[in-house]
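For reference, input_24.txt is printed below; it contains compact mmCIF, C-alpha atoms and all ligand atoms.
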# COMPACT_ATOMS: atom_id res chain seq x y z
CA MET W 1 27.47 -17.24 -17.26
CA LYS W 2 25.26 -19.86 -15.61
CA PHE W 3 22.34 -18.97 -13.37
CA ALA W 4 23.06 -21.91 -11.02
CA ASP W 5 26.55 -20.49 -10.40
CA LEU W 6 25.05 -17.14 -9.42
CA ILE W 7 22.80 -18.83 -6.88
CA THR W 8 25.80 -20.71 -5.46
CA LYS W 9 27.75 -17.46 -5.31
CA LYS W 10 24.96 -15.79 -3.33
CA ILE W 11 24.58 -18.80 -1.01
CA LYS W 12 28.31 -18.39 -0.26
CA ASN W 13 27.47 -14.78 0.62
CA GLU W 14 29.53 -13.29 -2.20
CA GLU W 15 28.27 -10.11 -3.84
CA LEU W 16 26.85 -10.29 -7.38
CA ASN W 17 28.38 -7.77 -9.76
CA PHE W 18 26.53 -5.48 -12.16
CA ASN W 19 26.83 -7.83 -15.15
CA GLU W 20 25.53 -10.73 -13.12
CA VAL W 21 22.57 -8.70 -11.93
CA LYS W 22 21.92 -7.62 -15.53
CA TYR W 23 22.01 -11.25 -16.63
CA ILE W 24 19.37 -12.14 -14.03
CA VAL W 25 17.00 -9.30 -14.91
CA GLU W 26 17.33 -9.88 -18.67
CA ASN W 27 17.02 -13.63 -18.58
CA TYR W 28 14.12 -13.74 -16.14
CA SER W 29 12.33 -11.16 -18.31
CA ASN W 30 12.77 -13.22 -21.48
CA ASN W 31 11.85 -16.48 -19.71
CA GLN W 32 15.32 -18.04 -19.96
CA ILE W 33 15.28 -18.27 -16.17
CA ASN W 34 12.12 -19.98 -14.95
CA ASP W 35 10.09 -19.31 -11.79
CA LYS W 36 11.51 -22.31 -9.95
CA GLU W 37 15.09 -21.13 -10.50
CA MET W 38 14.19 -17.56 -9.60
CA THR W 39 12.60 -18.81 -6.37
CA LYS W 40 15.96 -20.37 -5.47
CA LEU W 41 17.61 -16.99 -5.90
CA ILE W 42 14.95 -15.38 -3.68
CA ASP W 43 15.71 -18.07 -1.07
CA ALA W 44 19.41 -17.25 -1.30
CA PHE W 45 18.57 -13.56 -0.73
CA LEU W 46 16.49 -14.55 2.28
CA ILE W 47 19.62 -16.17 3.78
CA ASN W 48 22.13 -13.58 2.59
CA PRO W 49 20.28 -10.30 2.01
CA MET W 50 20.86 -8.25 -1.12
CA THR W 51 23.69 -5.83 -0.50
CA GLU W 52 23.27 -2.11 -1.04
CA GLN W 53 25.21 -2.29 -4.32
CA GLU W 54 23.19 -5.28 -5.55
CA THR W 55 19.96 -3.44 -4.78
CA ILE W 56 21.08 -0.34 -6.65
CA ASP W 57 22.29 -2.44 -9.60
CA PHE W 58 18.99 -4.34 -9.68
CA PHE W 59 17.18 -1.05 -9.74
CA ASP W 60 19.36 0.51 -12.44
CA VAL W 61 18.93 -2.48 -14.76
CA THR W 62 15.18 -2.76 -14.13
CA TYR W 63 14.87 0.98 -14.81
CA GLN W 64 16.86 0.77 -18.05
CA LYS W 65 14.60 -2.04 -19.27
CA SER W 66 11.34 -0.28 -18.37
CA GLN W 67 9.21 2.06 -20.39
CA LYS W 68 9.01 5.60 -18.91
CA VAL W 69 6.44 8.35 -19.02
CA ASP W 70 7.62 11.94 -19.16
CA LEU W 71 5.19 14.09 -17.19
CA ARG W 72 7.08 17.36 -17.59
CA GLN W 73 4.42 18.79 -19.92
CA ILE W 74 2.01 18.90 -16.97
CA LYS W 75 2.52 22.12 -15.17
CA ASN W 76 1.21 21.83 -11.58
CA PHE W 77 3.42 20.32 -8.88
CA LYS W 78 2.96 16.55 -9.12
CA ILE W 79 3.14 14.17 -6.18
CA ASP W 80 3.55 10.42 -6.26
CA LYS W 81 2.75 8.33 -3.20
CA HIS W 82 3.26 4.71 -2.27
CA SER W 83 2.98 2.48 0.73
CA THR W 84 5.13 -0.55 1.42
CA GLY W 85 1.91 -2.34 2.32
CA GLY W 86 -0.30 -2.69 5.36
CA VAL W 87 -3.68 -3.81 6.65
CA GLY W 88 -6.63 -1.43 6.28
CA ASP W 89 -4.31 1.01 4.53
CA LYS W 90 -6.48 3.37 2.51
CA VAL W 91 -4.20 6.43 2.78
CA THR W 92 -3.62 6.76 -0.97
CA LEU W 93 -7.35 7.02 -1.62
CA LEU W 94 -7.62 9.82 0.91
CA LEU W 95 -4.45 11.67 0.05
CA LEU W 96 -4.85 12.08 -3.70
CA PRO W 97 -8.27 13.82 -3.63
CA ILE W 98 -7.11 16.06 -0.76
CA LEU W 99 -4.03 17.08 -2.74
CA ASP W 100 -6.17 17.70 -5.83
CA ALA W 101 -8.43 19.96 -3.76
CA LEU W 102 -5.29 21.85 -2.68
CA GLY W 103 -3.99 22.35 -6.22
CA LEU W 104 -1.56 19.44 -6.64
CA LYS W 105 -1.70 16.63 -9.17
CA SER W 106 -0.86 12.95 -8.78
CA TYR W 107 0.00 10.26 -11.28
CA LYS W 108 0.72 6.88 -9.85
CA PHE W 109 1.03 3.18 -10.37
CA SER W 110 -0.51 1.23 -7.54
CA ALA W 111 0.04 -2.35 -6.56
CA GLY W 112 -2.42 -5.19 -6.29
CA ARG W 113 -2.79 -7.32 -3.18
CA LEU W 114 0.50 -8.81 -1.99
CA GLY W 115 0.62 -11.49 0.71
CA PHE W 116 -1.47 -10.49 3.72
CA THR W 117 -1.79 -6.85 2.64
CA GLY W 118 -4.68 -5.37 0.69
CA GLY W 119 -4.20 -3.79 -2.72
CA THR W 120 -5.36 -0.30 -3.69
CA ILE W 121 -6.26 -1.75 -7.08
CA GLU W 122 -8.71 -4.29 -5.61
CA LYS W 123 -10.24 -1.63 -3.35
CA LEU W 124 -10.93 0.63 -6.32
CA LYS W 125 -12.40 -2.27 -8.28
CA SER W 126 -15.31 -2.15 -5.82
CA PHE W 127 -16.57 0.63 -8.13
CA PRO W 128 -18.16 -1.12 -11.13
CA ASN W 129 -16.55 -0.38 -14.52
CA ILE W 130 -13.54 1.48 -13.15
CA GLU W 131 -10.66 1.48 -15.63
CA LEU W 132 -7.33 0.85 -13.96
CA GLU W 133 -5.25 -0.10 -16.94
CA ILE W 134 -4.06 2.46 -19.41
CA SER W 135 -1.69 1.65 -22.22
CA ALA W 136 1.63 3.44 -22.42
CA GLU W 137 0.50 5.20 -25.63
CA ASN W 138 -2.63 6.62 -24.02
CA TYR W 139 -1.04 7.53 -20.69
CA MET W 140 -0.03 11.11 -21.50
CA GLN W 141 -3.36 11.97 -23.07
CA LYS W 142 -5.19 10.75 -19.97
CA ALA W 143 -2.71 12.48 -17.67
CA LYS W 144 -3.41 15.80 -19.40
CA GLU W 145 -7.16 15.33 -18.85
CA ASN W 146 -7.02 14.14 -15.22
CA ASN W 147 -5.59 15.70 -12.07
CA ILE W 148 -5.30 12.21 -10.58
CA LEU W 149 -4.43 9.11 -12.51
CA LEU W 150 -4.12 5.88 -10.59
CA THR W 151 -3.54 2.72 -12.55
CA SER W 152 -1.95 -0.69 -12.34
CA GLY W 153 -0.13 -0.01 -15.62
CA ILE W 154 3.24 -1.19 -14.35
CA GLU W 155 2.56 -4.52 -16.09
CA GLU W 156 3.05 -2.95 -19.44
CA MET W 157 5.93 -0.70 -18.40
CA SER W 158 8.10 -3.25 -16.63
CA TYR W 159 7.69 -6.90 -17.48
CA PHE W 160 10.42 -7.87 -14.98
CA GLU W 161 8.56 -6.22 -12.09
CA LYS W 162 5.27 -7.75 -13.18
CA LYS W 163 6.75 -11.27 -13.22
CA LEU W 164 8.71 -10.94 -10.01
CA TYR W 165 5.80 -9.38 -8.09
CA HIS W 166 3.57 -12.28 -9.11
CA LEU W 167 6.21 -14.84 -8.15
CA ARG W 168 6.83 -13.22 -4.75
CA ASN W 169 3.08 -13.25 -4.13
CA VAL W 170 2.41 -16.88 -5.06
CA THR W 171 5.47 -18.16 -3.19
CA GLN W 172 4.70 -15.85 -0.21
CA LYS W 173 8.33 -14.69 -0.25
CA ASN W 174 7.56 -11.01 -0.08
CA ASN W 175 10.04 -9.56 2.31
CA VAL W 176 13.42 -9.61 0.57
CA LEU W 177 14.28 -6.01 1.36
CA GLY W 178 16.11 -5.28 -1.90
CA MET W 179 13.19 -6.67 -3.88
CA VAL W 180 10.68 -4.52 -2.03
CA VAL W 181 12.91 -1.50 -2.75
CA ASN W 182 13.04 -2.46 -6.42
CA SER W 183 9.32 -3.12 -6.67
CA VAL W 184 8.28 0.14 -5.03
CA MET W 185 10.90 2.40 -6.60
CA ILE W 186 10.44 1.19 -10.17
CA LYS W 187 6.76 2.10 -9.96
CA LYS W 188 7.81 5.56 -8.78
CA MET W 189 10.79 6.40 -10.98
CA ILE W 190 9.29 5.53 -14.38
CA LEU W 191 6.81 8.36 -13.82
CA ASN W 192 8.70 11.59 -13.24
CA ASN W 193 6.40 13.30 -10.76
CA ASP W 194 8.09 16.22 -8.94
CA GLY W 195 7.94 14.74 -5.48
CA LEU W 196 7.62 11.35 -3.88
CA ILE W 197 6.08 10.36 -0.56
CA ILE W 198 6.49 6.83 0.69
CA ASP W 199 4.70 5.43 3.71
CA VAL W 200 7.12 2.87 5.15
CA LYS W 201 5.05 0.59 7.31
CA VAL W 202 6.67 -1.20 10.24
CA GLY W 203 5.17 -3.68 12.67
CA SER W 204 3.26 -6.93 12.75
CA GLY W 205 0.99 -5.90 9.86
CA ALA W 206 3.85 -4.89 7.56
CA PHE W 207 6.60 -6.62 5.60
CA PHE W 208 9.13 -4.85 7.80
CA LYS W 209 8.52 -6.15 11.29
CA THR W 210 10.98 -3.83 13.01
CA PHE W 211 11.76 -0.13 12.87
CA LYS W 212 15.34 -1.04 11.95
CA GLU W 213 14.24 -2.87 8.80
CA GLY W 214 11.90 -0.01 7.83
CA LEU W 215 14.74 2.45 8.29
CA GLN W 216 17.02 0.31 6.17
CA PHE W 217 14.38 0.31 3.42
CA ALA W 218 13.98 4.08 3.62
CA GLU W 219 17.72 4.72 3.51
CA LEU W 220 18.23 2.46 0.50
CA ALA W 221 15.22 3.81 -1.39
CA ALA W 222 16.40 7.34 -0.57
CA LYS W 223 19.73 6.59 -2.29
CA ILE W 224 17.82 5.68 -5.45
CA ALA W 225 15.57 8.76 -5.20
CA ASN W 226 18.67 10.95 -4.81
CA LYS W 227 20.45 9.26 -7.71
CA TYR W 228 17.41 9.88 -9.94
CA ASP W 229 17.08 13.44 -8.65
CA ARG W 230 13.64 13.17 -7.06
CA LYS W 231 12.47 15.19 -4.07
CA PHE W 232 11.23 12.77 -1.43
CA SER W 233 9.85 12.15 1.99
CA PHE W 234 9.81 8.69 3.57
CA ILE W 235 7.39 8.55 6.48
CA ILE W 236 8.00 5.56 8.73
CA THR W 237 4.69 4.68 10.37
CA ASP W 238 3.45 2.12 12.87
CA MET W 239 1.49 -0.86 11.51
CA ASN W 240 0.91 -2.90 14.65
CA GLU W 241 -2.85 -2.71 14.25
CA PRO W 242 -5.13 -2.25 11.22
CA LEU W 243 -5.32 1.34 10.05
CA GLY W 244 -8.68 3.01 10.61
CA GLU W 245 -11.75 0.87 11.18
CA ASN W 246 -12.52 -1.09 8.02
CA ILE W 247 -10.52 -3.83 6.30
CA GLY W 248 -11.75 -5.14 2.96
CA ASN W 249 -12.36 -3.65 -0.46
CA LYS W 250 -15.76 -1.91 -0.45
CA LEU W 251 -15.61 -1.44 3.32
CA GLU W 252 -12.44 0.62 2.91
CA ILE W 253 -14.04 2.73 0.19
CA ILE W 254 -16.93 3.43 2.57
CA GLU W 255 -14.44 4.50 5.22
CA VAL W 256 -12.82 6.88 2.72
CA ILE W 257 -16.22 8.44 1.93
CA ASN W 258 -16.97 8.77 5.65
CA PHE W 259 -13.56 10.36 6.27
CA PHE W 260 -14.46 13.00 3.70
CA LYS W 261 -17.73 13.49 5.59
CA ASN W 262 -15.68 14.21 8.72
CA LYS W 263 -16.08 10.81 10.39
CA GLN W 264 -12.45 9.95 11.05
CA THR W 265 -10.46 7.66 13.32
CA LYS W 266 -7.54 9.30 15.08
CA ASP W 267 -4.83 6.97 13.68
CA LEU W 268 -5.89 7.38 10.06
CA LYS W 269 -6.23 11.13 10.42
CA GLU W 270 -2.76 11.46 11.92
CA ILE W 271 -1.17 9.56 9.04
CA VAL W 272 -3.15 11.37 6.33
CA ILE W 273 -2.28 14.78 7.77
CA ALA W 274 1.42 13.85 7.93
CA HIS W 275 1.33 12.90 4.25
CA VAL W 276 -0.52 16.05 3.20
CA HIS W 277 1.92 18.15 5.21
CA GLU W 278 4.95 16.63 3.50
CA ALA W 279 3.35 17.19 0.07
CA LEU W 280 2.50 20.81 0.90
CA LEU W 281 5.96 21.49 2.31
CA MET W 282 7.57 20.02 -0.79
CA SER W 283 5.44 22.18 -3.08
CA LYS W 284 5.83 25.23 -0.82
CA LYS W 285 2.10 25.48 -0.13
CA THR W 286 2.29 25.55 3.65
CA LYS W 287 4.47 27.05 6.36
CA SER W 288 3.37 25.02 9.37
CA LEU W 289 1.51 21.93 10.47
CA LYS W 290 -1.18 24.19 11.88
CA GLU W 291 -1.69 25.78 8.46
CA THR W 292 -1.81 22.33 6.78
CA LYS W 293 -4.44 21.13 9.25
CA SER W 294 -6.62 24.15 8.67
CA GLN W 295 -6.33 23.77 4.87
CA VAL W 296 -7.42 20.13 5.15
CA GLU W 297 -10.24 20.94 7.53
CA LYS W 298 -11.55 23.56 5.11
CA ILE W 299 -11.69 21.31 2.03
CA ILE W 300 -13.33 18.53 4.02
CA LYS W 301 -15.90 20.86 5.55
CA ASN W 302 -16.83 22.51 2.23
CA GLY W 303 -17.15 19.11 0.47
CA LYS W 304 -14.32 19.78 -2.00
CA ALA W 305 -12.28 16.70 -1.00
CA LEU W 306 -15.27 14.38 -1.42
CA GLU W 307 -16.06 15.99 -4.76
CA LYS W 308 -12.46 15.40 -5.91
CA PHE W 309 -12.75 11.74 -4.89
CA ARG W 310 -15.90 11.45 -7.00
CA GLN W 311 -14.22 13.16 -9.97
CA PHE W 312 -11.21 10.87 -9.76
CA VAL W 313 -13.36 7.71 -9.79
CA GLU W 314 -15.72 8.98 -12.47
CA LYS W 315 -12.91 10.20 -14.75
CA GLN W 316 -11.62 6.64 -14.71
CA ASN W 317 -15.18 5.50 -15.61
CA GLY W 318 -16.04 4.09 -12.19
CA ASP W 319 -19.64 4.13 -10.94
CA PHE W 320 -19.14 6.29 -7.84
CA ASP W 321 -22.82 6.34 -6.86
CA PHE W 322 -22.92 2.55 -6.75
CA ILE W 323 -21.22 2.83 -3.34
CA TYR W 324 -21.91 6.45 -2.44
CA LYS W 325 -25.69 6.07 -2.68
CA ASN W 326 -25.91 2.68 -1.02
CA GLN W 327 -23.38 1.94 1.66
CA GLU W 328 -25.08 -1.20 2.86
CA ILE W 329 -22.84 -4.29 2.87
CA LYS W 330 -24.59 -7.12 1.07
CA THR W 331 -23.10 -10.36 2.39
CA LYS W 332 -25.04 -13.47 3.34
CA ASN W 333 -23.58 -13.48 6.84
CA LYS W 334 -22.75 -10.89 9.44
CA ILE W 335 -20.85 -12.17 12.47
CA GLU W 336 -20.67 -9.94 15.53
CA ILE W 337 -17.61 -10.43 17.69
CA LYS W 338 -18.27 -9.44 21.27
CA SER W 339 -15.83 -9.20 24.11
CA TRP W 340 -15.62 -12.36 26.19
CA GLN W 341 -14.31 -10.51 29.27
CA ASN W 342 -13.44 -7.08 30.64
CA GLY W 343 -9.99 -5.84 29.71
CA TYR W 344 -7.79 -4.04 27.20
CA ILE W 345 -7.53 -4.86 23.49
CA ASN W 346 -4.24 -6.34 22.33
CA ILE W 347 -4.01 -7.33 18.66
CA ILE W 348 -1.55 -10.18 18.55
CA ASP W 349 -0.48 -10.20 14.90
CA THR W 350 -1.96 -7.76 12.40
CA SER W 351 -0.68 -9.75 9.40
CA LYS W 352 -3.01 -12.56 10.51
CA ILE W 353 -5.96 -10.15 10.44
CA GLY W 354 -4.89 -9.19 6.88
CA SER W 355 -4.68 -12.86 5.87
CA PHE W 356 -8.06 -13.52 7.48
CA VAL W 357 -9.66 -10.76 5.40
CA ASN W 358 -7.88 -11.87 2.22
CA GLN W 359 -9.12 -15.40 2.84
CA ILE W 360 -12.79 -14.33 3.17
CA ASN W 361 -12.34 -11.98 0.19
CA VAL W 362 -11.82 -14.91 -2.16
CA LEU W 363 -14.86 -16.74 -3.48
CA ASN W 364 -14.92 -20.45 -4.40
CA ASN W 365 -14.38 -19.67 -8.08
CA ASN W 366 -11.27 -17.66 -7.12
CA LYS W 367 -13.03 -14.39 -7.90
CA ILE W 368 -12.74 -11.46 -5.49
CA ASP W 369 -15.65 -10.80 -3.15
CA TYR W 370 -15.67 -7.02 -2.92
CA GLU W 371 -18.36 -6.88 -0.23
CA SER W 372 -16.76 -8.99 2.48
CA GLY W 373 -14.33 -7.83 5.15
CA VAL W 374 -14.00 -6.85 8.77
CA GLN W 375 -14.94 -3.78 10.77
CA LEU W 376 -12.76 -3.51 13.84
CA PHE W 377 -14.11 -0.90 16.20
CA LYS W 378 -11.43 -1.07 18.88
CA LYS W 379 -7.77 -0.12 18.91
CA ASN W 380 -4.87 -1.51 20.90
CA GLY W 381 -5.17 -0.34 24.48
CA ASP W 382 -8.92 0.40 24.31
CA PHE W 383 -10.93 -0.86 27.28
CA VAL W 384 -13.80 -3.24 26.50
CA GLY W 385 -16.47 -4.47 28.85
CA LYS W 386 -17.76 -8.04 28.68
CA ASN W 387 -20.19 -8.46 25.70
CA GLU W 388 -19.17 -5.16 24.12
CA LEU W 389 -19.02 -5.22 20.31
CA ILE W 390 -15.40 -5.42 19.10
CA ALA W 391 -15.79 -6.26 15.43
CA ILE W 392 -18.14 -7.35 12.64
CA ILE W 393 -17.14 -9.92 10.05
CA TRP W 394 -19.05 -9.55 6.78
CA THR W 395 -18.82 -12.73 4.75
CA ASN W 396 -20.44 -14.84 2.09
CA GLN W 397 -18.76 -17.94 3.48
CA LYS W 398 -20.97 -20.39 5.36
CA ASN W 399 -18.61 -21.59 8.10
CA THR W 400 -19.50 -18.77 10.47
CA ASN W 401 -18.67 -20.62 13.72
CA LEU W 402 -15.22 -21.46 12.45
CA LEU W 403 -14.62 -17.89 11.25
CA GLU W 404 -15.73 -16.52 14.60
CA SER W 405 -13.36 -18.75 16.55
CA GLN W 406 -10.49 -18.09 14.10
CA PHE W 407 -10.99 -14.35 14.46
CA LYS W 408 -11.18 -14.41 18.25
CA LYS W 409 -7.75 -16.05 18.34
CA LEU W 410 -6.26 -12.96 16.67
CA ILE W 411 -7.09 -10.67 19.58
CA ASN W 412 -6.23 -10.88 23.27
CA ILE W 413 -8.15 -9.09 25.96
CA ASP W 414 -5.49 -8.35 28.56
CA GLN W 415 -5.61 -7.02 32.06
CA LYS W 416 -2.64 -4.77 31.30
CA GLN W 417 -3.08 -1.81 28.92
CA LYS W 418 -0.85 -1.40 25.85
CA ILE W 419 0.03 2.29 25.76
CA GLN W 420 -0.60 3.93 22.38
CA VAL W 421 2.05 6.18 20.92
CA SER W 422 2.15 8.36 17.82
CA LYS W 423 1.83 6.46 14.53
CA ILE W 424 4.59 8.57 12.97
CA LYS W 425 7.97 7.16 13.90
CA LYS W 426 10.41 9.07 11.72
CA ILE W 427 10.56 11.14 8.54
CA ILE W 428 13.53 11.05 6.18
CA LYS W 429 13.45 13.67 3.48
CA ASN W 430 15.34 15.56 0.88
CA PHE W 431 13.73 18.70 -0.55
N1 LIG J 501 4.24 -2.34 -2.77
C1 LIG J 501 4.87 -2.68 -3.92
O1 LIG J 501 4.63 -2.10 -4.96
N2 LIG J 501 5.80 -3.65 -3.87
C2 LIG J 501 6.12 -4.32 -2.75
O2 LIG J 501 6.96 -5.17 -2.79
C3 LIG J 501 5.44 -3.96 -1.55
C4 LIG J 501 4.50 -2.96 -1.60

Spell out the structure here as structure tokens.
Amino acid sequence: MKFADLITKKIKNEELNFNEVKYIVENYSNNQINDKEMTKLIDAFLINPMTEQETIDFFDVTYQKSQKVDLRQIKNFKIDKHSTGGVGDKVTLLLLPILDALGLKSYKFSAGRLGFTGGTIEKLKSFPNIELEISAENYMQKAKENNILLTSGIEEMSYFEKKLYHLRNVTQKNNVLGMVVNSVMIKKMILNNDGLIIDVKVGSGAFFKTFKEGLQFAELAAKIANKYDRKFSFIITDMNEPLGENIGNKLEIIEVINFFKNKQTKDLKEIVIAHVHEALLMSKKTKSLKETKSQVEKIIKNGKALEKFRQFVEKQNGDFDFIYKNQEIKTKNKIEIKSWQNGYINIIDTSKIGSFVNQINVLNNNKIDYESGVQLFKKNGDFVGKNELIAIIWTNQKNTNLLESQFKKLINIDQKQKIQVSKIKKIIKNF
């Protein structure tokens, strides 16, 4: 078999069979296929998308080749959660402590930053010393000690996923649907939690720009979850504006802490509650949305959720108080963006806001700047008067005038109001 022939086959829009898919996964993993060749295959998939069978075959082979962790020794109901990636998406960091406070456990592999989206791993690294890599040998021991375990350990478990994720990121070819399915589902299936909740983001700040693509993802991923006998809920949510108020690593952690102190934006709260509700329904811990809401309200009010967030960070050796006790952002520059006219906010392209933040998050030496980011105080459809504060850019970069003008181009102030609808578009589940 020759790799070049497989690319030609795909360019001709012929379906790859199981053995061909196996050849690709095996030979890319052992470096017989190089990144340049693999990029050509990604390009072919961008022209002729992976078929359903190809996606399932890719998954099955990747799964066979990956190391797994058997969590069955841990007794409580265990929930895994993932997002397909968004801007300002800190739902995981809110959900896991809430579930812990309500008696559920969570073990999960999170992703690092991909394309214009932020990564949960980078956000957590805002806590000095936090340990986010655990070897396969030590995983079970740690899982027994912790109610929440969130790591980037996929690198060790699946070399194929590690390599492909990196390649998709550097080539900015992130939205081959079958590859997103593979990437997300491998992180979920190698840990056998009892239930799985996936936030499928759709809109300008997501890899899936349309509801139709998001639905296609959910239906394909659901086939895999069913095949591997996992209870699941795929929540398709709107990502046409950043989620919550803060975008950037430490800024998002501060928003999580404030959420637990009852300072919450409506959009973030709606999505978090929907996730908690699915988890509680799956584990038979609630009968209605009303009951879920009152359970969440209680553990936020009595401080239990915040305490669980602290425990999670500290159990992974992170210095929680480094942020908790001093929430000041320490950047050299603070740029206030004020409205240039009266009108209604209309965010043109949320992925560009994500790219803007990722660009100011990188220092000259290529290191991550955890302090910098954007606070966006207005949502689509909000009215702003002339000179009203819309956003603050926190940055260590010097070119403040340029950043200000770049940022202003990402938002329109229209005379016509964009009507806001619910962030939850559809839920597909099996439990
Ligand atoms: N999260 C992942 O783990 N992989 C993707 O491809 C997108 C989001």

5 Å per side around ligand LIG 501 (chain J): axis-aligned box centre and edge lengths, as AutoDock Vina command-line options:
--center_x 5.6 --center_y -3.6 --center_z -3.3 --size_x 12.7 --size_y 13.1 --size_z 13.4

Step by step, measure atom-to-atom distances between ligand LIG 501 (chain J) and each residue using all atoms listed in the file, keep those at most 9 Å, then write them as a VMD selection string. chain W and resid 82 to 86 109 to 114 117 119 165 168 174 to 177 179 to 187 207

Have a look at W:Lys298, W:Lys65, W:Lys209, W:Lys325 and name the one nearest to Arg310 of chain W; count all atoms listed in the file.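 Using all atoms listed in the file, Arg310 of chain W sits closest to W:Lys325.
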
Distance atom CA of Asp60 of chain W-atom CA of Ile190 of chain W, one decimal place?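 The value is 11.4 Å.
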
Taking only C-alpha atoms into account, name the residue in W:Leu102, W:Ile247, W:Ile254, W:Ile347 that is nearest to Phe116 of chain W.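 Closest to Phe116 of chain W, using only C-alpha atoms: W:Ile247.
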
Find the residue from W:Ile427, W:Leu363, W:Ala221, W:Ile253 that sits nearest to Phe127 of chain W; use all atoms listed in the file when measuring. W:Ile253

Among listed residues W:Asp43, W:Asp369, W:Asp199, W:Glu213, nearest Ala274 of chain W (using only C-alpha atoms): W:Asp199

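Distances from W:Phe59, W:Thr350, W:Lys338, W:Gln417 to Gly385 of chain W were compared using all atoms listed in the file, and the smallest one belongs to W:Lys338.
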
Could you name the residues that touch Leu104 of chain W at 10 Å or less, counting all atoms listed in the file, but leaving out those on the same chain fewer than 6 positions away, as a VMD selection string? chain W and resid 75 to 79 96 to 98 147 to 148 279 to 280 283 285

Nearest candidate to Phe259 of chain W (options W:Ile235, W:Leu95, W:Leu149, W:Ile411; using all atoms listed in the file): W:Leu95

Tell me, as a PyMOL selection string, which residues lie within 10 Å of Gln73 of chain W, counting only C-alpha atoms; anything in the same chain fewer than 3 positions away does not count. chain W and resi 70+76+140+143-144

Point-to-point distance from atom CA of Val374 of chain W to atom CA of Lys304 of chain W, Å rounded to tenths: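 About the pair atom CA of Val374 of chain W and atom CA of Lys304 of chain W: they are 28.7 Å apart.
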
Mind listing whatever residues come within 12 Å of the point (24.4, -6.4, -15.8)? Use all atoms listed in the file, file coordinates, and give them as a compact mmCIF listing (two decimals) with C-alpha atoms, in the coordinates of the input.
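Result saved to out28.txt:
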# COMPACT_ATOMS: atom_id res chain seq x y z
CA MET W 1 27.47 -17.24 -17.26
CA LEU W 16 26.85 -10.29 -7.38
CA ASN W 17 28.38 -7.77 -9.76
CA PHE W 18 26.53 -5.48 -12.16
CA ASN W 19 26.83 -7.83 -15.15
CA GLU W 20 25.53 -10.73 -13.12
CA VAL W 21 22.57 -8.70 -11.93
CA LYS W 22 21.92 -7.62 -15.53
CA TYR W 23 22.01 -11.25 -16.63
CA ILE W 24 19.37 -12.14 -14.03
CA VAL W 25 17.00 -9.30 -14.91
CA GLU W 26 17.33 -9.88 -18.67
CA ASN W 27 17.02 -13.63 -18.58
CA GLU W 54 23.19 -5.28 -5.55
CA ILE W 56 21.08 -0.34 -6.65
CA ASP W 57 22.29 -2.44 -9.60
CA PHE W 58 18.99 -4.34 -9.68
CA PHE W 59 17.18 -1.05 -9.74
CA ASP W 60 19.36 0.51 -12.44
CA VAL W 61 18.93 -2.48 -14.76
CA THR W 62 15.18 -2.76 -14.13
CA GLN W 64 16.86 0.77 -18.05
CA LYS W 65 14.60 -2.04 -19.27

Between atom CA of Lys315 of chain W and atom CA of Thr151 of chain W, what distance in Å does the model show, to one decimal?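 Here the two named atoms are 12.2 Å from each other.
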
Polymer residues at most 10 Å from Val296 of chain W, all atoms listed in the file, same-chain spacing of 4 or more positions, as a ChimeraX atom specification: /W:98-99,101-102,272-273,276-277,291-292,300-301,304-305

Long-range neighbours of Ala225 of chain W as an NGL selection string, 10 Å cut-off, only C-alpha atoms, 3 positions minimum in chain: :W and (185 or 188-189 or 195-196 or 219-222 or 228-233 or 430)
